[in-house]
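Student: Take this structure, written in structure tokens, and hold onto it; I'll ask about it next.
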Amino acid sequence: MIEWLIQNKEWVFSGLGIAVISVIFAIIKAKKFKSDKNIVKNSSVIQITNVTSEKEKSNIKIVDISFPKSRDFIIDIKLRNIGDQVTYIKEIAFDILDYYSMGNPQVTQYQLIPSSNTYDVVLEKKERQIFKVSQGIGANEVDRFQIKMASSIPEPRMPAIYYLFLSIIYDEDSKVEKSEKHIWAVPSNRKWAGCYVSHMDMEIAKKNYLELKRFDSYDGRKSEHFVNILESYEKNKSDFLKGNQ
């Protein structure tokens, strides 16, 4: 190449040679320009538009599920939309893997009354329960919402133990983001005007303890309420396990 330039230097560096080289560079640049643009033609206008990569669809991730200090059982759900489009949460599903309704060792007679409390979610015995939600999250933004929960299974003053996971269902094509597994002690939604304790039943206490230990063996994130109930039974287990030791 160098020898060719030396032999033809007069021609190359003459006006004609420079013009030819300029044309070659212009063609190369034009090809590169075309590869980066879309050219839309009609009879009178040539419109050149930039080619942009397709935006990533909405994509929700569960950041955390926590339990604020409250007299009620409330879960606080934190979400992040890592997509480039706005997303709309329309449902939340609870998939029940196992449950146990704790009995009261202090066998109690209640005068029940209708509950005046309003709950967002009342869990039952069904394996899958779906509840409507209306929540929007902007592109690449975070959000949070809280759910007040109760269970219709246990008697007043006692919780139901649930082993479950929840799913966030969003957008028109019903995309799903699942949580990790959880173990919750969910309080009863049943209310009473008055009650009295008729007698103590240690067999109920023993059954509660054994069921709590069974749930404790599951691989799941345990709520503070569940942990506190189990610790209370551990401290007093000698009272109801005497006949089995």
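Residues are named by chain letter and number: chains run A, B, ... in the order of the structure tokens, numbers start at 1 in each chain, and ligands are numbered from 1 in the order shown.
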Give me the residues near range 87-92 of chain A as a list in words, where near means some atom within 7 Å (using only C-alpha atoms) and where sequence neighbours in that chain fewer than 3 positions away do not count.
Tutor: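 The filter keeps Ser58, Ile130, Phe131, Lys132, Val133, Ser134, Gln135, Gly136, Ile137, Gly138, Leu166, Ser167, Ile168, Ile169, Tyr170 and Asp171 of chain A.
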Student: Give the strand (DSSP E or B) residues of range 77-234 of chain A, as assigned by DSSP on the backbone, as a tab-separated table (two decimals) with N, CA, C and O atoms, in the first residue's frame.
Tutor:
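Below you can see result-v9.tsv, which holds the result:
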```
chain	number	residue	atom	x	y	z
A	77	ILE	N	-46.24	-4.47	52.48
A	77	ILE	CA	-45.62	-5.03	51.28
A	77	ILE	C	-44.91	-3.92	50.51
A	77	ILE	O	-45.53	-2.92	50.14
A	78	LYS	N	-43.63	-4.11	50.26
A	78	LYS	CA	-42.84	-3.14	49.50
A	78	LYS	C	-42.49	-3.74	48.14
A	78	LYS	O	-42.00	-4.88	48.07
A	79	LEU	N	-42.75	-2.97	47.08
A	79	LEU	CA	-42.57	-3.45	45.71
A	79	LEU	C	-41.68	-2.50	44.93
A	79	LEU	O	-41.60	-1.31	45.23
A	80	ARG	N	-41.03	-3.04	43.89
A	80	ARG	CA	-40.22	-2.22	42.98
A	80	ARG	C	-40.53	-2.64	41.55
A	80	ARG	O	-40.56	-3.83	41.23
A	81	ASN	N	-40.78	-1.66	40.70
A	81	ASN	CA	-41.00	-1.91	39.28
A	81	ASN	C	-39.70	-1.61	38.55
A	81	ASN	O	-39.32	-0.45	38.38
A	87	THR	N	-46.95	-0.02	35.72
A	87	THR	CA	-47.62	-1.30	35.98
A	87	THR	C	-48.80	-1.07	36.91
A	87	THR	O	-48.80	-0.14	37.72
A	88	TYR	N	-49.81	-1.93	36.79
A	88	TYR	CA	-51.02	-1.83	37.62
A	88	TYR	C	-51.26	-3.17	38.32
A	88	TYR	O	-51.45	-4.19	37.67
A	89	ILE	N	-51.22	-3.13	39.64
A	89	ILE	CA	-51.50	-4.33	40.44
A	89	ILE	C	-53.01	-4.48	40.55
A	89	ILE	O	-53.71	-3.53	40.94
A	90	LYS	N	-53.51	-5.65	40.23
A	90	LYS	CA	-54.96	-5.84	40.24
A	90	LYS	C	-55.44	-6.89	41.24
A	90	LYS	O	-56.59	-6.86	41.66
A	91	GLU	N	-54.56	-7.82	41.64
A	91	GLU	CA	-54.97	-8.86	42.58
A	91	GLU	C	-53.78	-9.29	43.43
A	91	GLU	O	-52.63	-9.17	43.03
A	92	ILE	N	-54.12	-9.81	44.62
A	92	ILE	CA	-53.13	-10.47	45.45
A	92	ILE	C	-53.69	-11.82	45.85
A	92	ILE	O	-54.86	-11.92	46.26
A	93	ALA	N	-52.90	-12.86	45.67
A	93	ALA	CA	-53.36	-14.23	45.94
A	93	ALA	C	-52.58	-14.82	47.11
A	93	ALA	O	-51.37	-14.61	47.22
A	94	PHE	N	-53.30	-15.54	47.97
A	94	PHE	CA	-52.68	-16.25	49.09
A	94	PHE	C	-52.84	-17.74	48.83
A	94	PHE	O	-53.96	-18.25	48.75
A	95	ASP	N	-51.72	-18.43	48.72
A	95	ASP	CA	-51.73	-19.88	48.52
A	95	ASP	C	-51.42	-20.56	49.84
A	95	ASP	O	-50.29	-20.47	50.35
A	96	ILE	N	-52.43	-21.23	50.41
A	96	ILE	CA	-52.31	-21.86	51.73
A	96	ILE	C	-51.71	-23.25	51.57
A	96	ILE	O	-52.32	-24.13	50.96
A	97	LEU	N	-50.53	-23.46	52.11
A	97	LEU	CA	-49.86	-24.76	52.05
A	97	LEU	C	-50.26	-25.65	53.22
A	97	LEU	O	-50.26	-26.87	53.12
A	98	ASP	N	-50.56	-25.01	54.36
A	98	ASP	CA	-50.99	-25.75	55.56
A	98	ASP	C	-51.58	-24.74	56.54
A	98	ASP	O	-51.26	-23.55	56.49
A	99	TYR	N	-52.47	-25.21	57.42
A	99	TYR	CA	-53.02	-24.31	58.43
A	99	TYR	C	-53.43	-25.13	59.64
A	99	TYR	O	-53.62	-26.35	59.58
A	100	TYR	N	-53.54	-24.44	60.78
A	100	TYR	CA	-54.01	-25.06	62.02
A	100	TYR	C	-54.74	-24.00	62.83
A	100	TYR	O	-54.21	-22.91	63.07
A	101	SER	N	-55.95	-24.32	63.25
A	101	SER	CA	-56.73	-23.42	64.09
A	101	SER	C	-56.46	-23.76	65.56
A	101	SER	O	-56.83	-24.84	66.03
A	106	GLN	N	-58.02	-22.74	77.94
A	106	GLN	CA	-59.02	-22.23	78.87
A	106	GLN	C	-60.37	-22.29	78.15
A	106	GLN	O	-60.78	-21.36	77.47
A	107	VAL	N	-61.02	-23.42	78.28
A	107	VAL	CA	-62.26	-23.64	77.55
A	107	VAL	C	-63.26	-22.55	77.93
A	107	VAL	O	-63.67	-22.44	79.09
A	108	THR	N	-63.62	-21.75	76.93
A	108	THR	CA	-64.33	-20.51	77.19
A	108	THR	C	-65.67	-20.50	76.48
A	108	THR	O	-65.79	-20.93	75.33
A	109	GLN	N	-66.66	-19.99	77.16
A	109	GLN	CA	-67.98	-19.78	76.57
A	109	GLN	C	-68.12	-18.29	76.24
A	109	GLN	O	-67.86	-17.43	77.09
A	110	TYR	N	-68.53	-18.01	75.00
A	110	TYR	CA	-68.57	-16.63	74.54
A	110	TYR	C	-70.00	-16.19	74.23
A	110	TYR	O	-70.83	-17.00	73.79
A	111	GLN	N	-70.25	-14.92	74.44
A	111	GLN	CA	-71.44	-14.28	73.89
A	111	GLN	C	-70.95	-13.49	72.67
A	111	GLN	O	-70.40	-12.40	72.80
A	112	LEU	N	-71.14	-14.07	71.49
A	112	LEU	CA	-70.60	-13.49	70.28
A	112	LEU	C	-71.45	-12.33	69.78
A	112	LEU	O	-72.66	-12.29	69.98
A	113	ILE	N	-70.78	-11.40	69.12
A	113	ILE	CA	-71.46	-10.26	68.49
A	113	ILE	C	-70.89	-10.09	67.08
A	113	ILE	O	-69.77	-10.54	66.80
A	121	VAL	N	-58.34	-8.49	54.10
A	121	VAL	CA	-58.24	-9.91	53.76
A	121	VAL	C	-58.68	-10.73	54.98
A	121	VAL	O	-58.18	-10.51	56.09
A	122	VAL	N	-59.62	-11.63	54.78
A	122	VAL	CA	-60.01	-12.60	55.81
A	122	VAL	C	-59.72	-13.99	55.25
A	122	VAL	O	-60.41	-14.45	54.34
A	123	LEU	N	-58.70	-14.64	55.79
A	123	LEU	CA	-58.30	-15.95	55.30
A	123	LEU	C	-59.25	-17.03	55.82
A	123	LEU	O	-59.74	-16.96	56.94
A	128	ARG	N	-56.39	-21.65	47.85
A	128	ARG	CA	-56.00	-20.42	47.14
A	128	ARG	C	-57.11	-19.40	47.28
A	128	ARG	O	-58.27	-19.68	46.95
A	129	GLN	N	-56.75	-18.22	47.74
A	129	GLN	CA	-57.72	-17.15	47.94
A	129	GLN	C	-57.18	-15.89	47.28
A	129	GLN	O	-56.04	-15.49	47.51
A	130	ILE	N	-58.02	-15.27	46.44
A	130	ILE	CA	-57.61	-14.11	45.64
A	130	ILE	C	-58.45	-12.90	46.05
A	130	ILE	O	-59.67	-13.00	46.19
A	131	PHE	N	-57.77	-11.77	46.21
A	131	PHE	CA	-58.43	-10.54	46.63
A	131	PHE	C	-58.06	-9.41	45.67
A	131	PHE	O	-56.92	-9.33	45.19
A	132	LYS	N	-59.02	-8.56	45.38
A	132	LYS	CA	-58.82	-7.46	44.45
A	132	LYS	C	-57.96	-6.36	45.08
A	132	LYS	O	-58.10	-6.04	46.27
A	133	VAL	N	-57.08	-5.79	44.26
A	133	VAL	CA	-56.22	-4.69	44.68
A	133	VAL	C	-56.21	-3.67	43.55
A	133	VAL	O	-56.34	-4.03	42.38
A	134	SER	N	-56.07	-2.40	43.89
A	134	SER	CA	-55.94	-1.36	42.87
A	134	SER	C	-54.74	-0.48	43.24
A	134	SER	O	-54.81	0.34	44.15
A	135	GLN	N	-53.65	-0.71	42.54
A	135	GLN	CA	-52.40	-0.03	42.88
A	135	GLN	C	-51.57	0.15	41.61
A	135	GLN	O	-51.44	-0.78	40.81
A	136	GLY	N	-51.02	1.34	41.41
A	136	GLY	CA	-50.18	1.60	40.25
A	136	GLY	C	-48.76	1.95	40.69
A	136	GLY	O	-48.56	2.58	41.72
A	137	ILE	N	-47.78	1.51	39.89
A	137	ILE	CA	-46.37	1.82	40.16
A	137	ILE	C	-45.75	2.34	38.86
A	137	ILE	O	-45.83	1.68	37.82
A	142	VAL	N	-40.68	2.73	43.10
A	142	VAL	CA	-41.01	1.83	44.20
A	142	VAL	C	-42.33	2.27	44.82
A	142	VAL	O	-42.76	3.40	44.67
A	143	ASP	N	-42.98	1.34	45.53
A	143	ASP	CA	-44.24	1.65	46.19
A	143	ASP	C	-44.44	0.66	47.33
A	143	ASP	O	-43.74	-0.36	47.43
A	144	ARG	N	-45.41	0.96	48.18
A	144	ARG	CA	-45.73	0.06	49.29
A	144	ARG	C	-47.22	0.19	49.59
A	144	ARG	O	-47.85	1.20	49.31
A	145	PHE	N	-47.78	-0.88	50.13
A	145	PHE	CA	-49.16	-0.83	50.62
A	145	PHE	C	-49.31	-1.82	51.76
A	145	PHE	O	-48.52	-2.76	51.90
A	146	GLN	N	-50.32	-1.58	52.59
A	146	GLN	CA	-50.54	-2.42	53.76
A	146	GLN	C	-51.87	-3.16	53.65
A	146	GLN	O	-52.82	-2.66	53.03
A	147	ILE	N	-51.91	-4.35	54.26
A	147	ILE	CA	-53.11	-5.17	54.25
A	147	ILE	C	-53.43	-5.57	55.69
A	147	ILE	O	-52.58	-6.13	56.40
A	148	LYS	N	-54.64	-5.26	56.12
A	148	LYS	CA	-55.11	-5.66	57.43
A	148	LYS	C	-55.76	-7.04	57.31
A	148	LYS	O	-56.69	-7.22	56.53
A	149	MET	N	-55.27	-8.01	58.11
A	149	MET	CA	-55.67	-9.40	57.91
A	149	MET	C	-56.29	-9.99	59.17
A	149	MET	O	-56.02	-9.57	60.29
A	150	ALA	N	-57.12	-11.01	58.94
A	150	ALA	CA	-57.71	-11.80	60.02
A	150	ALA	C	-58.05	-13.17	59.44
A	150	ALA	O	-57.91	-13.41	58.24
A	151	SER	N	-58.50	-14.05	60.31
A	151	SER	CA	-58.91	-15.39	59.88
A	151	SER	C	-60.30	-15.69	60.42
A	151	SER	O	-60.64	-15.31	61.55
A	159	PRO	N	-55.46	-17.50	67.50
A	159	PRO	CA	-55.06	-17.32	66.10
A	159	PRO	C	-55.17	-18.62	65.31
A	159	PRO	O	-55.30	-19.71	65.87
A	160	ALA	N	-55.10	-18.47	64.01
A	160	ALA	CA	-54.91	-19.61	63.10
A	160	ALA	C	-53.48	-19.51	62.56
A	160	ALA	O	-53.01	-18.43	62.23
A	161	ILE	N	-52.80	-20.64	62.50
A	161	ILE	CA	-51.43	-20.68	62.00
A	161	ILE	C	-51.48	-21.04	60.52
A	161	ILE	O	-52.09	-22.06	60.15
A	162	TYR	N	-50.84	-20.22	59.69
A	162	TYR	CA	-50.84	-20.45	58.24
A	162	TYR	C	-49.41	-20.59	57.73
A	162	TYR	O	-48.53	-19.82	58.11
A	163	TYR	N	-49.24	-21.58	56.87
A	163	TYR	CA	-48.00	-21.73	56.10
A	163	TYR	C	-48.38	-21.43	54.65
A	163	TYR	O	-49.18	-22.17	54.05
A	164	LEU	N	-47.83	-20.34	54.10
A	164	LEU	CA	-48.33	-19.87	52.81
A	164	LEU	C	-47.28	-19.05	52.07
A	164	LEU	O	-46.21	-18.75	52.59
A	165	PHE	N	-47.62	-18.70	50.85
A	165	PHE	CA	-46.91	-17.67	50.12
A	165	PHE	C	-47.95	-16.83	49.39
A	165	PHE	O	-49.08	-17.25	49.17
A	166	LEU	N	-47.58	-15.60	49.07
A	166	LEU	CA	-48.51	-14.73	48.36
A	166	LEU	C	-47.96	-14.37	46.99
A	166	LEU	O	-46.76	-14.43	46.75
A	167	SER	N	-48.86	-14.02	46.09
A	167	SER	CA	-48.51	-13.67	44.71
A	167	SER	C	-49.11	-12.32	44.37
A	167	SER	O	-50.29	-12.08	44.65
A	168	ILE	N	-48.31	-11.47	43.75
A	168	ILE	CA	-48.78	-10.19	43.24
A	168	ILE	C	-49.12	-10.40	41.76
A	168	ILE	O	-48.27	-10.81	40.97
A	169	ILE	N	-50.36	-10.13	41.38
A	169	ILE	CA	-50.83	-10.32	40.01
A	169	ILE	C	-51.04	-8.94	39.39
A	169	ILE	O	-51.78	-8.13	39.95
A	170	TYR	N	-50.39	-8.68	38.26
A	170	TYR	CA	-50.43	-7.32	37.74
A	170	TYR	C	-50.51	-7.29	36.21
A	170	TYR	O	-50.15	-8.25	35.53
A	175	LYS	N	-49.38	-11.00	34.80
A	175	LYS	CA	-48.05	-11.47	35.22
A	175	LYS	C	-48.06	-11.69	36.73
A	175	LYS	O	-48.84	-11.09	37.46
A	176	VAL	N	-47.17	-12.57	37.21
A	176	VAL	CA	-47.19	-12.98	38.62
A	176	VAL	C	-45.79	-12.85	39.22
A	176	VAL	O	-44.80	-13.28	38.62
A	177	GLU	N	-45.72	-12.26	40.40
A	177	GLU	CA	-44.50	-12.24	41.20
A	177	GLU	C	-44.80	-12.91	42.55
A	177	GLU	O	-45.66	-12.46	43.31
A	178	LYS	N	-44.12	-14.02	42.85
A	178	LYS	CA	-44.38	-14.79	44.06
A	178	LYS	C	-43.41	-14.40	45.18
A	178	LYS	O	-42.26	-14.07	44.93
A	182	HIS	N	-44.05	-18.13	54.03
A	182	HIS	CA	-44.20	-17.49	55.33
A	182	HIS	C	-44.97	-18.39	56.29
A	182	HIS	O	-45.78	-19.23	55.87
A	183	ILE	N	-44.74	-18.17	57.58
A	183	ILE	CA	-45.50	-18.82	58.64
A	183	ILE	C	-46.07	-17.71	59.53
A	183	ILE	O	-45.30	-16.98	60.18
A	184	TRP	N	-47.39	-17.56	59.53
A	184	TRP	CA	-48.04	-16.47	60.24
A	184	TRP	C	-49.03	-17.01	61.27
A	184	TRP	O	-49.67	-18.04	61.07
A	185	ALA	N	-49.15	-16.27	62.37
A	185	ALA	CA	-50.22	-16.50	63.34
A	185	ALA	C	-51.24	-15.38	63.13
A	185	ALA	O	-51.02	-14.23	63.53
A	186	VAL	N	-52.35	-15.70	62.48
A	186	VAL	CA	-53.33	-14.69	62.08
A	186	VAL	C	-54.50	-14.71	63.07
A	186	VAL	O	-55.10	-15.76	63.30
A	187	PRO	N	-54.84	-13.56	63.65
A	187	PRO	CA	-55.89	-13.52	64.67
A	187	PRO	C	-57.29	-13.77	64.10
A	187	PRO	O	-57.53	-13.58	62.92
A	188	SER	N	-58.19	-14.13	64.99
A	188	SER	CA	-59.58	-14.36	64.61
A	188	SER	C	-60.29	-13.04	64.35
A	188	SER	O	-59.98	-12.02	64.96
A	191	LYS	N	-65.78	-11.57	67.21
A	191	LYS	CA	-65.83	-10.69	68.37
A	191	LYS	C	-66.87	-11.19	69.37
A	191	LYS	O	-67.80	-11.93	69.03
A	192	TRP	N	-66.68	-10.77	70.63
A	192	TRP	CA	-67.60	-11.20	71.67
A	192	TRP	C	-67.91	-10.05	72.61
A	192	TRP	O	-67.14	-9.10	72.76
A	193	ALA	N	-69.09	-10.15	73.25
A	193	ALA	CA	-69.50	-9.13	74.22
A	193	ALA	C	-69.08	-9.52	75.62
A	193	ALA	O	-68.80	-8.68	76.47
A	194	GLY	N	-69.01	-10.83	75.88
A	194	GLY	CA	-68.60	-11.32	77.20
A	194	GLY	C	-68.24	-12.79	77.12
A	194	GLY	O	-68.55	-13.47	76.13
A	195	CYS	N	-67.54	-13.29	78.16
A	195	CYS	CA	-67.14	-14.70	78.15
A	195	CYS	C	-66.82	-15.14	79.58
A	195	CYS	O	-66.62	-14.31	80.47
A	196	TYR	N	-66.78	-16.45	79.78
A	196	TYR	CA	-66.29	-17.00	81.05
A	196	TYR	C	-65.59	-18.32	80.76
A	196	TYR	O	-65.92	-19.03	79.81
A	197	VAL	N	-64.59	-18.64	81.59
A	197	VAL	CA	-63.80	-19.86	81.43
A	197	VAL	C	-64.46	-20.96	82.25
A	197	VAL	O	-64.62	-20.83	83.47
A	198	SER	N	-64.82	-22.05	81.58
A	198	SER	CA	-65.49	-23.15	82.26
A	198	SER	C	-64.49	-24.11	82.92
A	198	SER	O	-64.70	-24.55	84.04
A	199	HIS	N	-63.36	-24.40	82.22
A	199	HIS	CA	-62.35	-25.29	82.79
A	199	HIS	C	-61.09	-25.25	81.92
A	199	HIS	O	-61.10	-24.68	80.83
A	200	MET	N	-60.02	-25.87	82.40
A	200	MET	CA	-58.76	-25.97	81.66
A	200	MET	C	-58.67	-27.34	81.01
A	200	MET	O	-59.04	-28.35	81.61
A	221	ARG	N	-40.37	-17.93	56.41
A	221	ARG	CA	-40.13	-16.75	57.25
A	221	ARG	C	-41.24	-16.62	58.27
A	221	ARG	O	-42.41	-16.53	57.92
A	222	LYS	N	-40.88	-16.60	59.55
A	222	LYS	CA	-41.85	-16.65	60.63
A	222	LYS	C	-42.18	-15.25	61.13
A	222	LYS	O	-41.27	-14.43	61.36
```
Student: In terms of the shortest atom-to-atom distance over only C-alpha atoms, which of A:Ser66, A:Asn59, A:Asn208, A:Asn140 is closest to Ser223 in chain A?
Tutor: A:Ser66
Student: Can you work out the spacing between CA of Pro68 in chain A and CA of Arg157 in chain A in Å, to one decimal?
Tutor: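 Between CA of Pro68 in chain A and CA of Arg157 in chain A the gap works out to 20.1 Å.
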Student: Can you measure CA of Lys125 in chain A to CA of Pro154 in chain A for me? One decimal in Å is fine.
Tutor: 10.7 Å
Student: In Å, rounded to a single decimal, give me how far CA of Val63 in chain A is from CA of Gly220 in chain A.
Tutor: 16.3 Å
